[in-house]
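> The file below is upload19.txt, compact mmCIF, C-alpha atoms:
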```txt
# COMPACT_ATOMS: atom_id res chain seq x y z
CA MET A 1 145.58 118.22 115.70
CA GLU A 2 148.36 115.72 116.21
CA GLN A 3 149.70 117.76 119.11
CA GLN A 4 146.27 118.03 120.72
CA LYS A 5 145.88 114.28 120.51
CA GLU A 6 149.29 113.78 122.12
CA ALA A 7 148.47 116.26 124.88
CA GLY A 8 145.20 114.50 125.66
CA SER A 9 146.87 111.11 125.81
CA LEU A 10 149.66 112.43 128.05
CA GLY A 11 147.07 113.96 130.34
CA MET A 12 145.49 110.55 130.84
CA TRP A 13 148.90 108.96 131.40
CA THR A 14 149.70 111.58 134.04
CA PHE A 15 146.47 110.71 135.79
CA LEU A 16 147.25 107.01 135.51
CA ILE A 17 150.63 107.60 137.14
CA THR A 18 148.89 109.14 140.15
CA GLU A 19 146.69 106.04 140.11
CA ILE A 20 149.77 103.81 140.09
CA MET A 21 151.00 105.56 143.21
CA PHE A 22 147.55 105.37 144.80
CA PHE A 23 147.17 101.63 144.27
CA GLY A 24 150.90 101.22 144.83
CA GLY A 25 150.50 102.35 148.44
CA MET A 26 148.01 99.57 149.09
CA PHE A 27 150.15 97.01 147.30
CA LEU A 28 153.06 98.13 149.46
CA ALA A 29 151.00 97.58 152.62
CA TYR A 30 150.08 94.15 151.29
CA ILE A 31 153.72 93.25 150.57
CA LEU A 32 154.83 94.32 154.05
CA TYR A 33 152.15 92.44 155.98
CA ARG A 34 152.38 89.40 153.75
CA GLY A 35 156.08 89.32 154.49
CA LYS A 36 155.41 89.46 158.21
CA TYR A 37 152.30 87.23 158.47
CA GLY A 38 152.81 84.98 155.43
CA ASN A 39 151.15 81.85 156.84
CA ASP A 40 148.10 83.59 158.24
CA PHE A 41 147.70 85.47 154.96
CA ALA A 42 147.76 82.21 152.99
CA ILE A 43 145.14 80.71 155.32
CA ALA A 44 142.96 83.84 155.04
CA SER A 45 143.35 83.81 151.25
CA SER A 46 142.25 80.18 151.02
CA HIS A 47 138.79 81.33 152.17
CA LEU A 48 138.37 83.37 148.98
CA ASN A 49 136.76 81.65 146.01
CA TRP A 50 139.57 81.65 143.46
CA LYS A 51 137.28 80.19 140.81
CA LEU A 52 135.02 83.24 140.95
CA GLY A 53 138.11 85.44 141.00
CA GLY A 54 139.40 83.56 137.95
CA VAL A 55 136.10 83.99 136.10
CA ASN A 56 136.28 87.71 136.82
CA THR A 57 139.86 87.83 135.56
CA ILE A 58 138.76 86.31 132.26
CA VAL A 59 135.74 88.64 132.08
CA LEU A 60 138.02 91.67 132.50
CA ILE A 61 140.55 90.46 129.93
CA VAL A 62 137.73 89.91 127.44
CA SER A 63 136.44 93.41 128.21
CA SER A 64 139.92 94.78 127.50
CA LEU A 65 139.88 93.01 124.13
CA THR A 66 136.45 94.45 123.26
CA MET A 67 137.70 97.90 124.36
CA ALA A 68 140.73 97.59 122.10
CA MET A 69 138.40 96.56 119.26
CA ALA A 70 136.19 99.59 119.97
CA VAL A 71 139.26 101.82 119.56
CA TYR A 72 140.09 100.02 116.31
CA PHE A 73 136.62 100.63 114.86
CA SER A 74 136.69 104.27 115.98
CA GLN A 75 139.92 104.62 113.99
CA LYS A 76 138.20 103.02 111.02
CA GLY A 77 135.13 105.23 111.42
CA ASN A 78 132.79 102.23 111.67
CA LYS A 79 130.08 103.59 113.94
CA LYS A 80 128.00 100.44 114.13
CA MET A 81 130.89 98.24 115.23
CA LEU A 82 132.18 100.94 117.58
CA LEU A 83 128.81 101.04 119.35
CA THR A 84 128.66 97.24 119.41
CA PHE A 85 132.05 96.86 121.05
CA LEU A 86 131.44 99.70 123.51
CA ALA A 87 128.23 97.96 124.55
CA LEU A 88 130.07 94.64 124.91
CA THR A 89 132.76 96.32 127.03
CA MET A 90 130.11 97.77 129.33
CA MET A 91 128.34 94.43 129.51
CA PHE A 92 131.51 92.62 130.62
CA GLY A 93 132.30 95.41 133.07
CA ALA A 94 128.84 95.03 134.60
CA THR A 95 129.26 91.24 134.71
CA PHE A 96 132.44 91.71 136.72
CA LEU A 97 130.62 93.89 139.25
CA VAL A 98 127.75 91.43 139.62
CA VAL A 99 130.16 88.55 140.35
CA LYS A 100 132.01 90.80 142.79
CA ALA A 101 128.75 91.67 144.55
CA PHE A 102 127.97 87.96 145.05
CA GLU A 103 131.44 87.43 146.49
CA TYR A 104 131.04 90.32 148.92
CA ARG A 105 127.62 89.03 149.94
CA GLU A 106 129.07 85.58 150.71
CA LYS A 107 131.89 87.13 152.73
CA ILE A 108 129.47 89.26 154.75
CA ILE A 109 127.29 86.24 155.53
CA THR A 110 130.27 84.12 156.64
CA HIS A 111 131.68 86.90 158.86
CA HIS A 112 134.84 87.70 156.95
CA VAL A 113 134.43 91.48 157.25
CA PRO A 114 136.93 93.00 159.71
CA LEU A 115 135.41 94.63 162.81
CA ARG A 116 131.93 93.49 161.78
CA ASP A 117 131.11 90.36 163.79
CA PHE A 118 134.44 88.83 162.90
CA TRP A 119 134.34 86.94 166.21
CA LYS A 120 131.30 85.00 164.96
CA TRP A 121 133.52 83.28 162.40
CA GLN A 122 133.40 79.92 164.16
CA GLU A 123 129.61 79.98 164.44
CA ALA A 124 129.24 80.79 160.74
CA ASN A 125 131.96 78.57 159.35
CA GLY A 126 131.72 75.64 161.74
CA GLU A 127 135.43 75.72 162.42
CA PRO A 128 137.65 77.82 164.65
CA LEU A 129 139.21 80.88 163.08
CA PRO A 130 142.38 79.63 161.43
CA GLY A 131 145.55 81.44 162.25
CA ASP A 132 145.81 84.62 164.29
CA SER A 133 142.55 86.59 164.23
CA GLY A 134 144.33 89.93 163.94
CA HIS A 135 146.48 88.77 161.05
CA VAL A 136 143.54 87.22 159.19
CA GLN A 137 141.59 90.45 159.70
CA MET A 138 144.54 92.40 158.33
CA PHE A 139 144.31 90.34 155.14
CA TYR A 140 140.61 91.05 154.85
CA TRP A 141 141.15 94.77 155.50
CA LEU A 142 143.48 94.77 152.52
CA TYR A 143 141.13 92.57 150.49
CA PHE A 144 138.13 94.84 150.96
CA ALA A 145 140.13 98.04 150.56
CA MET A 146 141.88 96.95 147.37
CA THR A 147 138.98 95.17 145.64
CA GLY A 148 136.57 97.86 146.88
CA VAL A 149 138.56 100.72 145.38
CA HIS A 150 139.06 98.65 142.24
CA ALA A 151 135.31 98.04 141.97
CA LEU A 152 134.75 101.78 142.41
CA HIS A 153 137.08 102.34 139.45
CA MET A 154 134.99 99.87 137.46
CA VAL A 155 131.84 101.84 138.27
CA VAL A 156 133.53 105.07 137.14
CA GLY A 157 134.73 103.25 134.01
CA LEU A 158 131.18 102.19 133.21
CA GLY A 159 130.07 105.80 133.58
CA ILE A 160 132.82 106.95 131.20
CA MET A 161 131.88 104.27 128.68
CA ALA A 162 128.23 105.34 128.84
CA VAL A 163 129.28 108.90 127.95
CA ILE A 164 131.51 107.65 125.11
CA PHE A 165 128.65 105.48 123.84
CA TRP A 166 126.34 108.50 123.88
CA MET A 167 128.91 110.64 122.04
CA ALA A 168 129.40 107.89 119.44
CA MET A 169 125.66 107.67 118.91
CA ARG A 170 125.60 111.40 118.19
CA ASN A 171 128.31 110.97 115.53
CA ARG A 172 130.93 112.85 117.52
CA PHE A 173 133.78 110.63 116.34
CA THR A 174 135.52 110.40 112.98
CA PRO A 175 138.67 108.58 111.83
CA GLU A 176 140.42 111.96 112.32
CA TYR A 177 138.99 112.65 115.77
CA HIS A 178 138.35 109.86 118.23
CA SER A 179 140.67 110.77 121.12
CA PRO A 180 137.97 110.38 123.78
CA VAL A 181 137.52 106.72 122.81
CA GLU A 182 141.23 106.08 122.92
CA ILE A 183 141.82 107.95 126.20
CA SER A 184 138.89 106.24 127.93
CA GLY A 185 140.37 102.98 126.67
CA LEU A 186 143.62 103.77 128.47
CA TYR A 187 141.71 104.15 131.72
CA TRP A 188 139.78 100.92 131.13
CA HIS A 189 142.95 98.92 130.43
CA PHE A 190 144.60 100.38 133.54
CA VAL A 191 141.77 99.13 135.74
CA ASP A 192 142.21 95.73 134.09
CA ILE A 193 145.92 95.79 134.94
CA VAL A 194 145.18 96.47 138.62
CA TRP A 195 143.02 93.35 138.68
CA ILE A 196 145.74 91.35 136.93
CA PHE A 197 147.83 91.97 140.07
CA LEU A 198 145.01 91.65 142.60
CA PHE A 199 143.92 88.22 141.39
CA PRO A 200 147.12 86.23 142.09
CA LEU A 201 148.05 88.24 145.20
CA LEU A 202 144.67 87.97 146.94
CA TYR A 203 142.97 84.89 145.52
CA LEU A 204 145.78 82.52 144.55
CA LEU A 205 148.00 83.11 147.58
CA GLY A 206 146.29 80.32 149.51
CA ALA A 207 145.05 78.21 146.58
CA HIS A 208 147.53 75.43 147.33
CA LEU A 209 145.99 75.03 150.81
CA THR A 210 142.50 74.21 149.60
CA HIS A 211 143.16 70.60 148.65
CA MET B 1 147.48 111.03 110.24
CA SER B 2 150.59 109.33 111.49
CA GLU B 3 148.50 107.31 113.91
CA HIS B 4 149.35 103.65 114.05
CA VAL B 5 146.31 101.44 113.57
CA VAL B 6 146.77 98.12 115.37
CA THR B 7 145.05 95.28 113.57
CA PRO B 8 142.46 93.03 115.28
CA LYS B 9 144.81 90.13 114.63
CA VAL B 10 147.38 91.65 117.01
CA TYR B 11 144.70 92.31 119.62
CA VAL B 12 143.41 88.75 119.46
CA THR B 13 146.94 87.34 119.70
CA ILE B 14 147.59 89.42 122.82
CA PHE B 15 144.22 88.40 124.23
CA LEU B 16 145.02 84.70 123.76
CA SER B 17 148.45 85.17 125.37
CA LEU B 18 146.76 86.81 128.37
CA MET B 19 144.38 83.87 128.64
CA VAL B 20 147.21 81.34 128.54
CA LEU B 21 149.11 83.27 131.21
CA THR B 22 145.99 83.45 133.39
CA ILE B 23 145.57 79.68 133.21
CA LEU B 24 149.27 79.25 133.92
CA THR B 25 149.17 81.43 137.02
CA VAL B 26 146.18 79.45 138.35
CA VAL B 27 147.86 76.09 137.67
CA VAL B 28 151.15 76.98 139.36
CA ALA B 29 149.29 78.50 142.34
CA ASN B 30 147.89 75.06 143.16
CA PHE B 31 151.36 73.95 144.19
CA ASP B 32 153.40 75.34 147.04
CA TRP B 33 156.71 76.71 145.78
CA GLY B 34 157.63 78.17 149.17
CA ARG B 35 159.29 81.54 148.93
CA LEU B 36 159.04 81.42 145.14
CA ASN B 37 155.21 81.73 145.29
CA ILE B 38 155.29 85.52 145.24
CA VAL B 39 158.06 85.62 142.64
CA ILE B 40 156.11 83.41 140.21
CA ALA B 41 152.79 85.19 140.84
CA LEU B 42 154.28 88.66 140.39
CA GLY B 43 156.42 87.56 137.44
CA ILE B 44 153.42 86.32 135.45
CA ALA B 45 151.37 89.38 136.46
CA ILE B 46 154.15 91.71 135.29
CA ILE B 47 154.34 89.93 131.91
CA LYS B 48 150.55 90.22 131.54
CA ALA B 49 150.56 93.90 132.54
CA SER B 50 153.38 94.59 130.07
CA LEU B 51 151.39 93.00 127.23
CA VAL B 52 148.38 95.18 128.08
CA VAL B 53 150.47 98.35 128.32
CA LEU B 54 152.49 97.74 125.17
CA PHE B 55 149.73 96.52 122.85
CA PHE B 56 146.25 97.32 124.20
CA MET B 57 147.41 100.74 125.42
CA HIS B 58 149.52 101.28 122.28
CA VAL B 59 152.65 102.31 124.18
CA ARG B 60 154.74 100.25 121.76
CA TRP B 61 153.79 102.69 119.00
CA SER B 62 153.53 105.82 121.18
CA SER B 63 155.80 108.84 121.18
CA THR B 64 159.02 108.83 123.16
CA LEU B 65 157.49 111.38 125.52
CA THR B 66 154.63 109.00 126.39
CA LYS B 67 157.12 106.20 126.99
CA VAL B 68 159.13 108.46 129.32
CA PHE B 69 155.92 109.20 131.27
CA VAL B 70 155.14 105.50 131.67
CA VAL B 71 158.67 104.57 132.73
CA ALA B 72 158.81 107.52 135.14
CA GLY B 73 155.59 106.34 136.80
CA LEU B 74 156.98 102.85 137.30
CA PHE B 75 160.32 104.27 138.46
CA TRP B 76 158.67 106.21 141.30
CA LEU B 77 156.69 103.12 142.29
CA VAL B 78 159.94 101.15 142.51
CA ILE B 79 161.48 103.89 144.67
CA MET B 80 158.50 103.85 147.01
CA VAL B 81 158.54 100.07 147.41
CA SER B 82 162.30 99.56 147.61
CA LEU B 83 163.02 102.35 150.11
CA THR B 84 160.13 101.28 152.35
CA LEU B 85 161.25 97.65 152.26
CA ALA B 86 164.84 98.70 152.94
CA ASP B 87 163.54 100.27 156.14
CA TYR B 88 161.15 97.58 157.35
CA LEU B 89 163.24 94.56 156.44
CA THR B 90 166.20 95.85 158.42
CA ARG B 91 164.20 96.52 161.60
CA PRO B 92 164.74 93.82 164.22
CA SER B 93 161.18 94.37 165.48
CA TRP B 94 159.78 93.60 162.00
CA SER B 95 162.17 90.83 160.95
CA PRO B 96 162.82 88.78 164.10
CA THR B 97 165.57 86.77 162.40
CA LEU B 98 167.84 89.81 162.29
CA PRO B 99 170.27 90.26 165.19
CA GLY B 100 168.85 92.87 167.55
CA PRO B 101 170.80 95.83 168.93
CA GLN B 102 173.42 94.67 171.42
```
Using the file provided, produce a representation of the structure as structure tokens.

Amino acid sequence: MEQQKEAGSLGMWTFLITEIMFFGGMFLAYILYRGKYGNDFAIASSHLNWKLGGVNTIVLIVSSLTMAMAVYFSQKGNKKMLLTFLALTMMFGATFLVVKAFEYREKIITHHVPLRDFWKWQEANGEPLPGDSGHVQMFYWLYFAMTGVHALHMVVGLGIMAVIFWMAMRNRFTPEYHSPVEISGLYWHFVDIVWIFLFPLLYLLGAHLTH
Amino acid sequence: MSEHVVTPKVYVTIFLSLMVLTILTVVVANFDWGRLNIVIALGIAIIKASLVVLFFMHVRWSSTLTKVFVVAGLFWLVIMVSLTLADYLTRPSWSPTLPGPQ
């Protein structure tokens, strides 16, 4: 039993390592282009709403806490509290996605999406495009790619949590066997960690320019 | 079961630390530290990520094998980033401040 638990956990870690490399590639692209077009990246970043990004950071950290608490109550065999904290985790995850959707909507309206009417920036924002258009678009390519893939991971995470919730409702977990809760938790925390890096790199890069 | 049960007290402490660090990273980002911007931002993010990995993800109490897996993953990431940067940063076409080929 102990060995099975270890094997399951290592399987998830192996998957997370491939995820590190997957996100790592995009972070690498970000590092390279930020190094080359630092000023234009800071200007582009200052158009993101860091307050909304900050709210989402807090929402995700709270969801990580509720996830950790769900694991704790699965270890204790407290079904009611396990279900409560799984529901809270899903609720915060959904909150994150709703805020993200509003941000995307605002960026689409104000022509921040690369290749899609980017040249209408001035019309929409009442000011000429700051910096070099190509460099600013490069930032927004990275922004949409990185936050988009991250949001996709959140959607998958919500699906996993729904399955875990369903299993918990059907009394599938005991203090001796609750690996699925723990392993899903690893995935959830990993997605939180990705955001911990995305928030300062994308949102806060140009925060000092906004006042 | 030899499983280590982490108490809610530990989780809440880590949670509060993450909150404090989040506020800190926002506060410092409102000032321009020049080239140190990225160092400060990444430094705080790495501390936060480490807290999540060690405590929320239980790596602190995990088997040595799990720890080796985690470190190996980070090690390959470092190789990918450092070798790529070693290439780009020494290209005159990418870093105009470098002396070009004579």
> Select all residues from chain A having any atom no more than 7 Å from an atom of chain B (counting all atoms listed in the file, ignoring ligands), output as a list in words.
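Applying the cut-off to the listed atoms yields Leu10, Ile17, Met21, Gly24, Leu28, Leu65, Ala68, Met69, Tyr72, Leu186, His189, Ile193, Ile196, Phe197, Pro200, Leu204, Ala207 and His208 of chain A.
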> For CA of Val113 (chain A) and CA of Trp141 (chain A), quote the distance in Å rounded to one decimal.
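The value is 7.7 Å.
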> Quick one: residues within 12 Å of Leu60 (chain A), only C-alpha atoms counted, chain neighbours fewer than 2 positions away excluded, as a ChimeraX atom specification?
/A:53-58,62-67,88-97,99-100,151,154,188-196,199 /B:15,18-19,22,52
> Show which residues sit within 6 Å of Gln137 (chain A), as a PyMOL selection string. Count only C-alpha atoms, and ignore same-chain residues fewer than 3 positions away.
chain A and resi 114+134+140
> What is the CA of Ala7 (chain A) to CA of Trp61 (chain B) distance in Å?
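Distance between the two atoms: 15.7 Å.
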> Could you tell me how far CA of Leu201 (chain A) sits from CA of Leu48 (chain A), in Å to one decimal place?
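One can read the CA of Leu48 (chain A) to CA of Leu201 (chain A) distance as 11.5 Å.
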> Let me make sure I understand: among A:Phe73, A:Gly38, A:Phe139, A:Thr110, which one has the smallest atom-to-atom distance to Gly126 (chain A) if we use all atoms listed in the file?
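Going through A:Phe73, A:Gly38, A:Phe139, A:Thr110 one by one, the smallest distance to Gly126 (chain A) is for A:Thr110.
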> So, with all atoms listed in the file as the atoms that count, which of A:Ile61, A:Ile108, A:Met1, A:Ala42 lies closest to Leu21 (chain B)?
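Among the listed residues, A:Ile61 lies closest to Leu21 (chain B).
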> Pick out the closest residue to Leu129 (chain A) from this set: A:Leu83, A:Leu115, A:Met12, A:Ile43. Count all atoms listed in the file.
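Nearest candidate to Leu129 (chain A) out of A:Leu83, A:Leu115, A:Met12, A:Ile43: A:Ile43.
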> Report as a ChimeraX atom specification all protein, DNA and RNA residues lying within 8 Å of Ser179 (chain A), evaluated on all atoms listed in the file, omitting residues in the same chain fewer than 4 positions from it.
/A:5,8-9,183
> Set the distance at 10 Å and use only C-alpha atoms: which residues neighbour Asn125 (chain A) once local chain neighbours fewer than 4 positions away are removed? I'd like the list as a PyMOL selection string.
chain A and resi 109-112+120-121+129
